[in-house]
Every structure is written in structure tokens, then in C-alpha cells.
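All remarks here apply to the structure that follows.
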Amino acid sequence: MTTYDFDVLVIGAGPGGYHAAIRAAQLGLKVACAERESVGGVCLNVGCIPTKAMLHAGEQVAAARHAAEFGLTFGEQKLDIAKLNGWKDGIVKKLTGGVSSLFKANKVTHLQGQASFLDDHTVQVGEKTYTAGSIIIATGSEPARLPGIEVDQVQIVDSTGALVMPDPVPARMLCIGGGVIGFEFAHVYTNLGAQVKVIEFAPSIIPGADADAVKAFQKAMEKQGISIAVQHKANRAEKKADGVHVEIENVQTGEKKVEVFDRVLVAVGRRPRADGLNAEKAGVTVTERGFIPADKQQRTNAPHIYSIGDVAGNPMLAHKAMKEGLVAAEVIAGKPAEQDAVAIPGVVYTSPELAWVGLTEAEAKEKGYDVKTGNFPFSASGRAMTLQQTDGFVKMVVEKGTDLLLGVHIVGPHASDMLGEAGLALEMAATASDIALTVHAHPTLGEAVLEAAEAVHGQAIHIMNR
Amino acid sequence: MTTYDFDVLVIGAGPGGYHAAIRAAQLGLKVACAERESVGGVCLNVGCIPTKAMLHAGEQVAAARHAAEFGLTFGEQKLDIAKLNGWKDGIVKKLTGGVSSLFKANKVTHLQGQASFLDDHTVQVGEKTYTAGSIIIATGSEPARLPGIEVDQVQIVDSTGALVMPDPVPARMLCIGGGVIGFEFAHVYTNLGAQVKVIEFAPSIIPGADADAVKAFQKAMEKQGISIAVQHKANRAEKKADGVHVEIENVQTGEKKVEVFDRVLVAVGRRPRADGLNAEKAGVTVTERGFIPADKQQRTNAPHIYSIGDVAGNPMLAHKAMKEGLVAAEVIAGKPAEQDAVAIPGVVYTSPELAWVGLTEAEAKEKGYDVKTGNFPFSASGRAMTLQQTDGFVKMVVEKGTDLLLGVHIVGPHASDMLGEAGLALEMAATASDIALTVHAHPTLGEAVLEAAEAVHGQAIHIMNR
Amino acid sequence: RAQANAQATAPAAQPARADGRVLAVPAARQLARELNLDLTRVQGSGPNGRIRVSDVLAHQQAQTPAQVPTQAQAASATPARGQ
Ligand SMILES: Cc1cc2nc3c(=O)[nH]c(=O)nc-3n(C[C@H](O)[C@H](O)[C@H](O)COP(=O)(O)OP(=O)(O)OC[C@H]3O[C@@H](n4cnc5c(N)ncnc54)[C@H](O)[C@@H]3O)c2cc1C
Ligand SMILES: Cc1cc2nc3c(=O)[nH]c(=O)nc-3n(C[C@H](O)[C@H](O)[C@H](O)COP(=O)(O)OP(=O)(O)OC[C@H]3O[C@@H](n4cnc5c(N)ncnc54)[C@H](O)[C@@H]3O)c2cc1C
């Protein structure tokens with residue numbers, strides 16, 4: 001019988017990788033996790049977490065302004081940008097340090113260095129070579145590039161560069177790409193005083209979200225001063241003394257215009273990252289676009305090699321990576337785990353937030369469902385009023401006849417918090433009635449979820465039903 | 001066949017009453033709702049809503065202070081108390097106006113005046129007399145009084161008086177009663193600058209909440225400067241030139257001490273309100289303590305007379321009143337409705353919030369359950385860090401063997417938002433595994449619910465499991 | 001032996017719980033009331049015998065085998081869903 005150095009070797013210590021490593025260790029396996037940069041991956045270092053810190057800071061600036069509504073005013077406001085960047089970095093350090101501690105406590109061996117396959121059981125990490133019975137590829141993704149627009153991380157940045165707020169805050173900012181990342185940064189920079197423009201090539205911003213929700217979200221963003229142009233693209237950018245000159249093209253009319261910005265963010269998507277991995281030496285299939293596909297047990301075409309997270313496929317979201325990491329670890333430990341999630345939630349952490357889980361109305365119809373919907377606006381929510389955040393609504397997509405919940409789409413305060421109920425409801429195959437019959441505490445934002453479920457049946461209390 | 005003026009006459013337009021009236025109308029019945037004061041009842045006028053508005057204002061003051069942590073500072077801060085009171089009143093007006101509009105739109109006849117029974121189908125409202133096939137009693141509750149301490153609504157107030165913030169904010173405040181209402185006001189006044197003391201007769205604050213949660217909650221409140229004394233009572237209060245002199249007694253040692261305050265809040269509970277109703281003329285039983293009990297269909301001993309909300313029994317909470325209102329209306333309309341809620345959630349809307357639904361650990365054990373628990377602290381939550389609110393935890397109470405969820409207890413940011421998932425889980429008879437297997441968006445506070453469920457199985461990722 | 005067989009094919013409904021609670025989702029409880037069925041006699045198909053709407057419908061169908069299936073009963077099995 002062959003003995004390997006490790007039962008499991010995980011490549012990449014992002015959310016996918018570190019979840020896989022820790023769960024495998026919890027299940028009694030001997031685990032190593034190779035990472036060439038910093039544990040925590042994109043998510044903790046330059047993704048989910050630092051963006052949320054910046055968003056919170058920006059929202060506090062906005063909240064201080066809105067406080068005048070109830071009589072609270074302030075003298076001159078000062079933002080110490082160095083301190084802001086430092087605070088954000090402190091949170092990142094705390095969390096990445098936490099993952100390192102968890103590795104130690106769970107006896108996961110952390111291997112620092114670039115990992116590449118030598119064969120299907122052997123991986124070189126830095127100068128050393130290790131063998132493992134099972135290998136999990138969790139190498140993540142990186143920002144996609146845009147031809148003609150070269151990122152210098154100062155004037156022209158990708159999401160990583162955008163996380164370092166310059167002092168002073170740029171006056172004119174362009175976000176190329178109207179997806180989740182583009183809008184989160186647009187929101188931060190707007191709240192901190194920039195004049196922000198977002199351009200999006202597609203006919204609609206936030207691809208994948210429900211059309212009604214996107215409409216309400218766009219309106220809220222525009223109300224806050226963000227200028228949005230769909231079906232526009234950036235052709236090239238030139239750095240001059242007065243700023244970055246960007247040629248922007250209306251893709252419908254072909255009209256071109258040059259506009260000048262102090263900072264340009266390129267946020268046009270992400271691409272899987274498998275460079276230097278030498279997956280072919282292990283016989284692992286890499287698609288033309290760079291993904292390493294996996295089945296429901298997260299197995300690649302090589303049955304003892306697993307692929308999880310962004311490199312495994314869309315949607316590129318941390319919680320999908322985490323789930324897949326747990327599944328891979330449990331499968332290796334001989335458990336009957338499966339990535340069988342009914343739906344993967346999505347969130348834009350702006351204010352209002354846009355959050356959804358399950359099918360959009362359009363997707364449900366496409367799939368052949370006979371659909372009914374229920375909406376409840378936060379303008380009718382007492383809790384939202386007391387929080388000074390009444391923009392948005394909850395929209396519920398339900399199958400007619402069976403009353404089965406298919407999707408929940410929320411624009412509003414704390415929308416991401418309400419995904420807990422929505423996500424569980426979908427996984428439990430709940431009906432709109434199950435939600436409508438459940439007592440929701442008053443006054444909470446969650447009552448809007450309840451009322452949207454009632455609205456499906458024409459029985460919401462605080463609005464007139466259609 | 002007798003014809004009545006109305007199919008249903010609802011007495012009281014609080015949350016119980018107006019939900020009952022609107023649902024009955026939605027179901028095609030001819031409905032009237034009598035109210036002697038203002039529609040919306042305690043909840044909208046002097047309860048749930050205005051307290052939450054004040055709490056939000058107080059929290060914004062605290063948030064502005066905490067913003068220094070990430071580099072945001074302000075010059076001199078001013079609070080225009082008149083504007084604060086006006087803003088709060090504006091929200092109340094909007095919501096009560098909303099209920100009036102909903103009455104009109106649903107064709108509910110609003111009868112202004114004191115209602116009292118003439119017989120079991122006849123009710124006098126003001127000067128006029130109306131008959132109805134079914135009658136719903138929804139007369140609510142009022143603050144309990146404390147002998148020796150007379151409320152003047154200026155220096156010595158009950159919850160209604162406490163809602164009007166004086167200018168300047170009182171420097172020294174005493175809350176008699178360490179329940180939900182006492183702590184919500186303590187928190188508001190503390191955030192606005194008062195030095196607040198809370199005394200509670202019982203050995204523990206927030207009766208009904210889980211002991212671990214109460215402990216963490218108390219610690220958080222004390223950290224914010226609230227001084228808390230359990231097993232203390234106020235014997236009498238005397239108004240003098242320098243303030244209200246209150247004799248406070250340690251009920252364990254019998255030791256008495258006089259302390260001086262600028263404002264004293266009496267928040268020692270609420271009592272059912274059935275005065276002037278003449279329930280006996282309808283043959284309806286009123287208990288010694290003043291409650292009008294009802295069965296699961298909300299029927300009193302007189303089968304066509306229903307009782308809902310605070311007057312029907314504990315817990316005195318708006319969402320319980322609403323649920324009972326809907327049940328009564330549906331039963332009258334011939335639907336097989338029943339107040340069959342597995343659990344009624346409770347919330348203290350401070351910061352951190354304390355929120356729970358279902359059995360406490362102690363209650364579960366008392367009921368004979370073999371219990372296991374899982375805890376996850378917000379200090380290990382990335383989202384909580386970015387929100388600058390890491391106090392507290394999620395605690396899950398689960399039945400051993402079956403893994404059935406019995407209760408969820410949360411101290412932390414947005415705890416009330418997380419009740420949505422917890423409440424649905426209880427109603428759906430979900431197991432801890434159901435929650436643990438559900439993908440929760442990252443980074444959200446709801447991940448703490450997920451991790452508490454994993455912790456039940458010794459498999460939380462971001463903490464070391466016991 | 002025959003008895004054991006009968007029990008195997010028609011298993012007892014969920015065991016009584018410490019607090020007397022019957023494990024059923026809210027919509028199933030509602031439906032049982034609508035159909036005037038005793039939930040304690042319904043066999044739940046979920047974990048711990050948790051009763052879903054389809055279980056209530058299946059129970060009702062078993063109670064009234066002679067009747068022509070109603071629309072609701074016809075929907076009692078879980079058909080493969082559109083996807
Ligand atoms: C600005 C921004 C904001 C985001 N916000 C959110 C959000 O709010 N919510 C959300 O769900 N998702 C968010 N995402 C997406 C999220 O960050 C990713 O989905 C997630 O990080 C994917 O996890 P992963 O484990 O697959 O890979 P990654 O996090 O990309 O980690 C892969 C790790 O592998 C290492 N690695 C790669 N190749 C090798 C090699 N050959 N040898 C050794 N190590 C290697 C890398 O250094 C990296 O640390 C955001 C992304 C960005 C850019
Ligand atoms: C400060 C405070 C904060 C609170 N916060 C919360 C909270 O956050 N969440 C929560 O769930 N609960 C809260 N509550 C409790 C909540 O307000 C009550 O549970 C709820 O209002 C009860 O509703 P109800 O319909 O039974 O009665 P009520 O709201 O008391 O309404 C009864 C109505 O009936 C009218 N009435 C009475 N007798 C007659 C008569 N004979 N004729 C005509 N009209 C009559 C009254 O004028 C009143 O409008 C709070 C209470 C207080 C005091």
C-alpha cells in the first residue's frame with residue numbers, strides 16, 4: 001500500500017481551500033494547504049471583506065448626513081484616509097491571522113509557496129515536493145483585463161487597487177463594469193465624495209438579478225448621484241496631466257466621446273486562475289476558458305483530484321467556494337456529501353442592498369414554471385422608516401398551484417440579512433404559505449418578507465393588493 | 001334570520017384589531033372597528049414604533065462616536081431635541097394615517113369612540129349603538145402602576161411619557177424594571193448622554209430570555225455605561241428641588257438607600273385593559289387579573305365573541321396580536337385557522353440587539369428534552385467586524401438524537417433580522433443540519449446562524465469546537 | 001407475522017414528543033385543518049417524521065381510496081420539477 005505525505009493536499013487557501021482543509025482535518029485526515037500569497041485568498045485579502053469595511057465607512061458618512069433629518073447635526077467632518085485604509089487592513093489581518101490560527105489548531109500544515117503538479121499524486125510547493133492521496137484545487141480567480149486599458153493600480157486600478165483609497169479622494173471616478181464589484185466601489189467612492197460614473201456593456205446592470213429588483217436598485221443608486229450608462233464600453237484610456245482620458249462608446253449608436261477622470265476602475269469580471277499549476281501533468285482537464293470543472297462531489301475528471309470555488313466555475317462567490325470546499329473534504333473522508341444547493345445567493349452590499357436567492361421571475365418562466373409573484377415595499381415598513389431607509393422592496397417568485405417558493409429578490413436595508421430566511425425556505429422546499437403563516441417579530445425588516453408572501457395570495461395587510 | 005349592522009365589529013384598532021379588521025374585510029365580510037383614541041393602538045402610537053425611532057437616533061449618536069475608529073471625526077455635535085421628537089411623531093403619523101387609509105381602501109368602517117357591550121351582539125360606541133354577528137375584543141393593555149411612585153409624565157414617567165425626550169436630556173435617569181421596555185429606554189437615554197441606572201426586582205433582567213444570552217446582553221449594556229442592579233426595588237419617590245429622591249431597596253439584604261434622579265421611568269410590566277367594556281353584559285369571562293382568555297381559534301367562552309392581543313394573554317407583543325387578529329378574522333370567515341405558532345419571537349432593539357425565538361436551554365431541559373447547544377460568537381464574524389459590532393453570539397438549542405431545532409438566541413448586530421430564518425426553521429420543524437447544509441451568503445451576519453448550527457455538531461469552521 | 005407486515009407497510013405516525021408537538025410545516029398544518037384530518041395520524045416523510053403538504057395529501061388519498069382523485073390528490077406525489 002502506498003503511503004502519501006498527506007491524505008489531502010489543498011492548493012490555495014482562499015475561502016474554498018481553507019474550508020476544505022479545516023473540514024478534512026475535523027474529519028480526522030492529515031491535511032496540508034499550499035498558498036503562494038496570503039491565507040484567506042481573494043475573499044479575505046482583497047475581496048469580500050475589505051470592500052465591506054470600505055462600504056461601512058462610506059455608509060457612516062452618508063448616515064451622518066441623513067441624521068440631520070431627526071435633528072442631529074455635526075460641525076466640520078474630517079476623514080483621515082490613512083486611518084481608514086489602516087482600519088480596513090487591520091480587519092483583514094485579524095481574519096487572515098484567524099485562519100492561520102485555525103490551521104494550527106486543526107493541525108493543517110500550511111505550505112507557503114507556488115504549487116504545481118508533478119504527477120497526479122505529487123505536487124511541488126516552492127522548492128519541496130509532497131505526495132497526497134487526494135488533491136483539492138482551489139486556486140480561485142483574478143480580475144479580467146480589458147484591452148486598451150492598462151491597469152497601473154494608481155490612476156487605473158482593478159478591484160485590488162481600488163481598495164486603497166487615495167488622499168484626497170478622487171473627484172471624478174469611472175467604473176468600467178456595472179456588476180456587483182463595480183457598484184460596490186461606485187457606492188464607496190460616491191459616499192466619500194467622488195462624482196462616479198458606471199458604464200456597462202450589457203443592456204442591464206447586475207447580470208443575474210431580477211429585472212424589477214435591478215430597476216429599483218438602479219433608481220436608488222442614481223438618486224445617490226451615481227451616473228449609470230448601460231450599453232456603453234470603454235475603448236482606451238490615456239493618462240494626461242489633467243487626468244485619465246477615456247474614450248467611451250455607445251455600443252448602440254456607435255457614438256464615441258472622450259471623458260476625463262481622476263481614477264478609473266476596471267471591473268469587467270473575473271477569470272479562473274490555474275497558471276503555473278501544470279494541471280495537465282496530473283491529467284486534469286482545463287477548459288479553454290481556464291476553468292477546471294467538477295461534478296457534484298467536486299471531482300475533476302481525475303477521481304482523486306477535486307476542484308472547488310472560482311476555478312471550478314460560476315458563480316464566482318465565496319459562499320459557493322466554501323460549500324464546495326466542505327463537500328470535497330467530506331467526500332474524501334468517505335461521507336456522502338454533494339453540492340446539491342437549490343440556489344446560491346447573491347448580494348450587492350450597497351445601501352440599499354440588493355440581495356437575491358433562487359430564480360428570477362424571468363428565469364422561472366423560462367424554465368416552464370407557471371409563476372405568480374408578491375411584492376412588498378419598504379416604504380410601508382415601520383421598521384424601515386425608523387431606520388431612515390425606505391427604498392426598495394421584497395419580491396417573491398412562487399409557482400402557481402403548488403405555492404412553492406422559487407426565488408426571493410430584495411432591494412432594501414439589511415437585505416442580505418433577510419437572505420437567511422429566504423435561503424432556508426428554498427432549501428426546505430417551503431411554500432409562500434409556510435412563510436405567511438410564520439410569526440415574524442414586529443417591528444422587523446423581515447415582516448416585509450412575510451408580507452410579500454401574503455401578497456402572493458392577495459392578502460398583504462399593509463398595502464392594497466392587486 | 002337576524003341581520004346585523006356588521007358581520008364583524010372589532011373593538012380596538014391596535015395591531016391586533018386592525019389586522020383582524022383588514023383580514024375580515026379581505027375575506028368579504030362587512031366590518032367595523034371601534035377605537036376610542038388613535039388607530040394603531042399602543043404599538044404605533046406609543047409602543048413599538050416610536051421607541052424604535054428613538055433607538056435609531058440614539059444609535060446614530062453612538063455610531064458617530066465609533067466612526068473615529070476608522071478615521072471619521074466630526075466637529076461639535078448638536079441634537080435638536082424638538083426636531084427629534086417631531087421626526088418620531090412624523091413616523092407615527094405616517095403609519096397611523098396609513099392604517100386609516102387601509103381601513104378606507106378595504107371598506108372597514110372606523111367608529112370613533114369608547115365601545116361597551118350592551119348585550120352579546122350589541123355594542124355602544126360613543127353615542128351610537130351597533131349590532132354585529134361576531135365581535136372581536138382587541139382592547140390591549142396599559143402600563144402597570146407601582147404603589148408609592150406616582151407618574152406625572154414629566155419627572156416620573158411611564159413608557160408613554162418617556163417617549164417625549166426633554167430638553168436638555170436628563171443627566172440622571174432611573175429605569176424601574178429591567179424588562180424589554182426598561183432597557184430600550186435605558187439605551188436611548190444613555191446614547192443621548194444620560195447616566196442611566198436600571199433596577200429589577202427579579203434575580204435576572206429580561207425575563208423569558210436565555211440565561212447565557214442575558215449574561216452577554218447585560219455585559220454589553222454595562223460596557224456602554226448602564227448601571228444594572230437586580231433584586232432591587234423602588235419603594236417610593238419624592239420630588240424635591242434637586243430632583244426625584246427614590247428609595248431603593250436591596251430585596252436580599254433589606255438595605256435601603258435614597259438616590260436622586262432627574263427622570264424616573266416606571267416600566268414594571270403591563271396589565272390588560274378591559275375597563276368600561278362591560279364584557280359581563282355579553283357574558284364574556286374576564287379573569288381576576290383582567291385578561292379575557294381565548295382558545296386556539298381566539299374564541300372566548302361566548303363562541304361568537306373573540307379575544308386577541310394583549311387583553312387575551314401573554315406574551316404582550318404586537319406580532320402575537322397580529323397573528324391572533326388574522327386567526328380570529330379567518331375563523332369568522334369560516335376558514336380553519338388556528339393560532340398554532342410553534343414560538344413567538346422576542347426582541348430587545350438595543351445595540352447589540354437581543355432576539356430569540358423558541359425554547360431557552362433551561363426551558364427545553366424543563367420540558368424533558370435531552371439538549372445539545374451550539375454557539376458562535378460575532379467576534380469571529382467578518383461581517384460583524386466590518387460593521388464595528390462584534391459583541392454577542394448566536395446560540396442554538398437542539399434536541400439530541402433528532403437534531404430538531406428548539407430555540408435560537410441571539411445577542412448581536414441585526415439580531416432581529418436573523419429571527420426570520422430562526423423562526424421559519426422552528427415552524428418548519430427544521431434540524432440543525434437543515435440550517436448547516438443551507439448555503440448562507442458571505443459575508444453576512446446570518447453566517448453566524450449557520451456556524452452555530454455547525455457548532456451543534458462540533459463542526460463550526462471559524463472557531464475551535466469544544 | 002401478518003401484524004408485523006401491516007406495521008411495516010403502514011408505519012406508525014411520528015412518536016409523541018416531550019411537549020406533545022406534532023412535527024409539521026405550517027402549510028401542512030393548515031391543510032390538515034382544511035381537510036379535517038388528525039395530524040397525529042399522518043405519516044411524515046421528512047426527518048423525524050416531519051409532515052409536509054404532500055404527506056397530508058397522501059394520507060387523505062389513503063383514507064378515501066374509492067374516490068376519484070381530486071386535483072389536489074393528483075398533485076400529492078412529487079413530480080419531477082421543470083428545470
Ligand atoms: C472586490 C471583490 C469583492 C468580492 N466580494 C464578494 C462578496 O461580497 N461575496 C462573495 O461571495 N464573493 C465576493 N467576491 C468573490 C470572492 O472573493 C471569490 O468568489 C472567492 O474568493 C473565491 O474563493 P476561492 O477559494 O475559490 O479562491 P480565491 O479566494 O481566489 O483564493 C485562491 C487562492 O489560491 C492561491 N493560489 C492560486 N494558485 C496557486 C498556486 N498555484 N499555488 C499556491 N497557491 C495558489 C491564491 O494566492 C489565492 O490565495 C469578491 C471578489 C472581489 C474581487
Ligand atoms: C414602549 C413600548 C414598546 C413596545 N415595543 C414593542 C415591540 O418592539 N414589539 C412588540 O411586539 N411589542 C411591543 N410592545 C407591545 C405592543 O405595543 C403590544 O403588544 C401591542 O400594541 C398589543 O396590541 P393590541 O392590538 O392587543 O392592543 P393595543 O395596541 O393596546 O391597542 C388597543 C386599542 O384598543 C383601544 N381601546 C381599548 N379599549 C377600548 C374600548 N373600550 N373602546 C374603544 N377602543 C378601545 C385602545 O385605545 C387601543 O388603541 C411595546 C409596548 C410598549 C408600551
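By order of appearance in the C-alpha cells: chains A, B, ..., then residues from 1 within every chain, and ligands from 1 in the order shown.
Neighbours of Val251 of chain B closer than or equal to 8 Å, with only C-alpha atoms counted and sequence neighbours fewer than 4 positions away skipped, come out as B:Phe201, B:Gln231, B:His232, B:Lys233, B:Glu255.
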Exercise for the section: Could you give me the residues within segment 198-308 of chain B that DSSP places in strand (DSSP E or B), as a count of residues only? Expected result: 41
Exercise for the section: May I have the residues of chain B within 6 Å of chain A, counting only C-alpha atoms, written as a PyMOL selection string? Expected result: chain B and resi 53+70-80+83-84+87+319+345+386+417+420-421+441-442+446
Handout entry: All residues having an atom within 7 Å of ligand 2 (only C-alpha atoms and all ligand atoms) as number ranges by chain
Key = A: 441-443; B: 11-17, 34-43, 46-49, 51, 113-116, 138-143, 159-160, 181, 273-277, 308-311, 316-319, 321, 347
Handout entry: Residue nearest chain C among B:Lys223, B:Lys400, B:Arg466, B:Lys93 (counting only C-alpha atoms)
Key =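 Nearest candidate to chain C out of B:Lys223, B:Lys400, B:Arg466, B:Lys93: B:Lys400.
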Dump as CSV the rows for residues of chain B within 6 Å of chain C: closest atom pair and distance in Å with one decimal, only C-alpha atoms counted, ordered by chain and rising residue number.
residue,atom,partner,partner_atom,distance
B:Pro336,CA,C:Arg33,CA,5.6
B:Gly368,CA,C:Ala18,CA,6.0
B:Met428,CA,C:Val25,CA,4.4
B:Ala429,CA,C:Leu23,CA,5.8
Practice task
Have a look at atom CA of Val8 of chain A and atom CA of Ile136 of chain A and let me know their distance in Å, one decimal.
Solution key: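 Atom CA of Val8 of chain A sits 7.3 Å away from atom CA of Ile136 of chain A.
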Practice task
Compare A:Ala211, A:Ala455, A:Val348, A:Met221 by their minimum atom-to-atom distance to ligand 1, counting only C-alpha atoms and all ligand atoms, and give me the closest one.
Solution key: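 For ligand 1, the nearest of the given residues is A:Val348.
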Practice task
Could you tell me, as a list in words, which residues of segment 255-350 of chain B DSSP assigns to alpha helix (DSSP H) when given the backbone?
Solution key: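 Residues of segment 255-350 of chain B classed as alpha helix (DSSP H): Ala318, His319, Lys320, Ala321, Met322, Lys323, Glu324, Gly325, Leu326, Val327, Ala328, Ala329, Glu330, Val331 and Ile332 of chain B.
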Contacts of Ala448 of chain A at 7 Å (only C-alpha atoms; same-chain gap of 4+ positions) as a short mmCIF file (atom, residue, chain, number, x, y, z; two decimals) with C-alpha atoms, in the first residue's frame:
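Heads up, here's the output in around-v5.cif:
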data_model
loop_
_atom_site.label_atom_id
_atom_site.label_comp_id
_atom_site.auth_asym_id
_atom_site.auth_seq_id
_atom_site.Cartn_x
_atom_site.Cartn_y
_atom_site.Cartn_z
CA PHE A 376 -43.95 44.43 -0.55
CA PHE A 378 -40.13 49.04 2.43
CA SER A 381 -42.48 49.13 6.70
CA VAL A 394 -39.19 42.30 -1.31
CA ALA A 452 -44.52 39.67 0.27
#
Exercise for the section: Select, from B:Ile248, B:Val398, B:Ala312, B:Ala144, the residue with the minimum atom-to-atom distance to Thr287 of chain B, counting only C-alpha atoms. Expected result: B:Ala312
Practice task
Tell me which protein, DNA and RNA residues are within 6 Å of His245 of chain B, counting only C-alpha atoms, leaving out same-chain ones fewer than 4 positions away, and put them as a ChimeraX atom specification.
Solution key: /B:237-238,259-260
Would you mind exporting the chosen residues as a PDB file, in the first residue's frame, restricted to all heavy atoms?
ATOM      1  N   ALA B 237     -40.965  57.538  45.792  1.00  0.00           N
ATOM      2  CA  ALA B 237     -40.267  58.617  45.107  1.00  0.00           C
ATOM      3  C   ALA B 237     -40.845  59.942  45.572  1.00  0.00           C
ATOM      4  O   ALA B 237     -42.059  60.090  45.715  1.00  0.00           O
ATOM      5  CB  ALA B 237     -40.452  58.482  43.595  1.00  0.00           C
ATOM      6  N   GLU B 238     -39.948  60.899  45.808  1.00  0.00           N
ATOM      7  CA  GLU B 238     -40.367  62.202  46.306  1.00  0.00           C
ATOM      8  C   GLU B 238     -39.731  63.269  45.442  1.00  0.00           C
ATOM      9  O   GLU B 238     -38.510  63.264  45.220  1.00  0.00           O
ATOM     10  CB  GLU B 238     -39.872  62.342  47.746  1.00  0.00           C
ATOM     11  CG  GLU B 238     -40.735  63.224  48.619  1.00  0.00           C
ATOM     12  CD  GLU B 238     -40.140  63.275  50.033  1.00  0.00           C
ATOM     13  OE1 GLU B 238     -39.588  62.231  50.467  1.00  0.00           O
ATOM     14  OE2 GLU B 238     -40.198  64.343  50.648  1.00  0.00           O
ATOM     15  N   GLU B 259     -31.565  57.606  46.354  1.00  0.00           N
ATOM     16  CA  GLU B 259     -30.760  58.178  45.267  1.00  0.00           C
ATOM     17  C   GLU B 259     -31.586  59.230  44.532  1.00  0.00           C
ATOM     18  O   GLU B 259     -32.809  59.179  44.533  1.00  0.00           O
ATOM     19  CB  GLU B 259     -30.308  57.072  44.306  1.00  0.00           C
ATOM     20  CG  GLU B 259     -29.299  56.121  44.937  1.00  0.00           C
ATOM     21  CD  GLU B 259     -28.756  55.098  43.935  1.00  0.00           C
ATOM     22  OE1 GLU B 259     -28.331  55.506  42.833  1.00  0.00           O
ATOM     23  OE2 GLU B 259     -28.780  53.895  44.253  1.00  0.00           O
ATOM     24  N   VAL B 260     -30.895  60.158  43.903  1.00  0.00           N
ATOM     25  CA  VAL B 260     -31.573  61.289  43.275  1.00  0.00           C
ATOM     26  C   VAL B 260     -31.437  61.226  41.749  1.00  0.00           C
ATOM     27  O   VAL B 260     -30.349  60.976  41.227  1.00  0.00           O
ATOM     28  CB  VAL B 260     -30.993  62.626  43.789  1.00  0.00           C
ATOM     29  CG1 VAL B 260     -31.804  63.808  43.245  1.00  0.00           C
ATOM     30  CG2 VAL B 260     -30.971  62.652  45.304  1.00  0.00           C
TER      31      VAL B 260
END
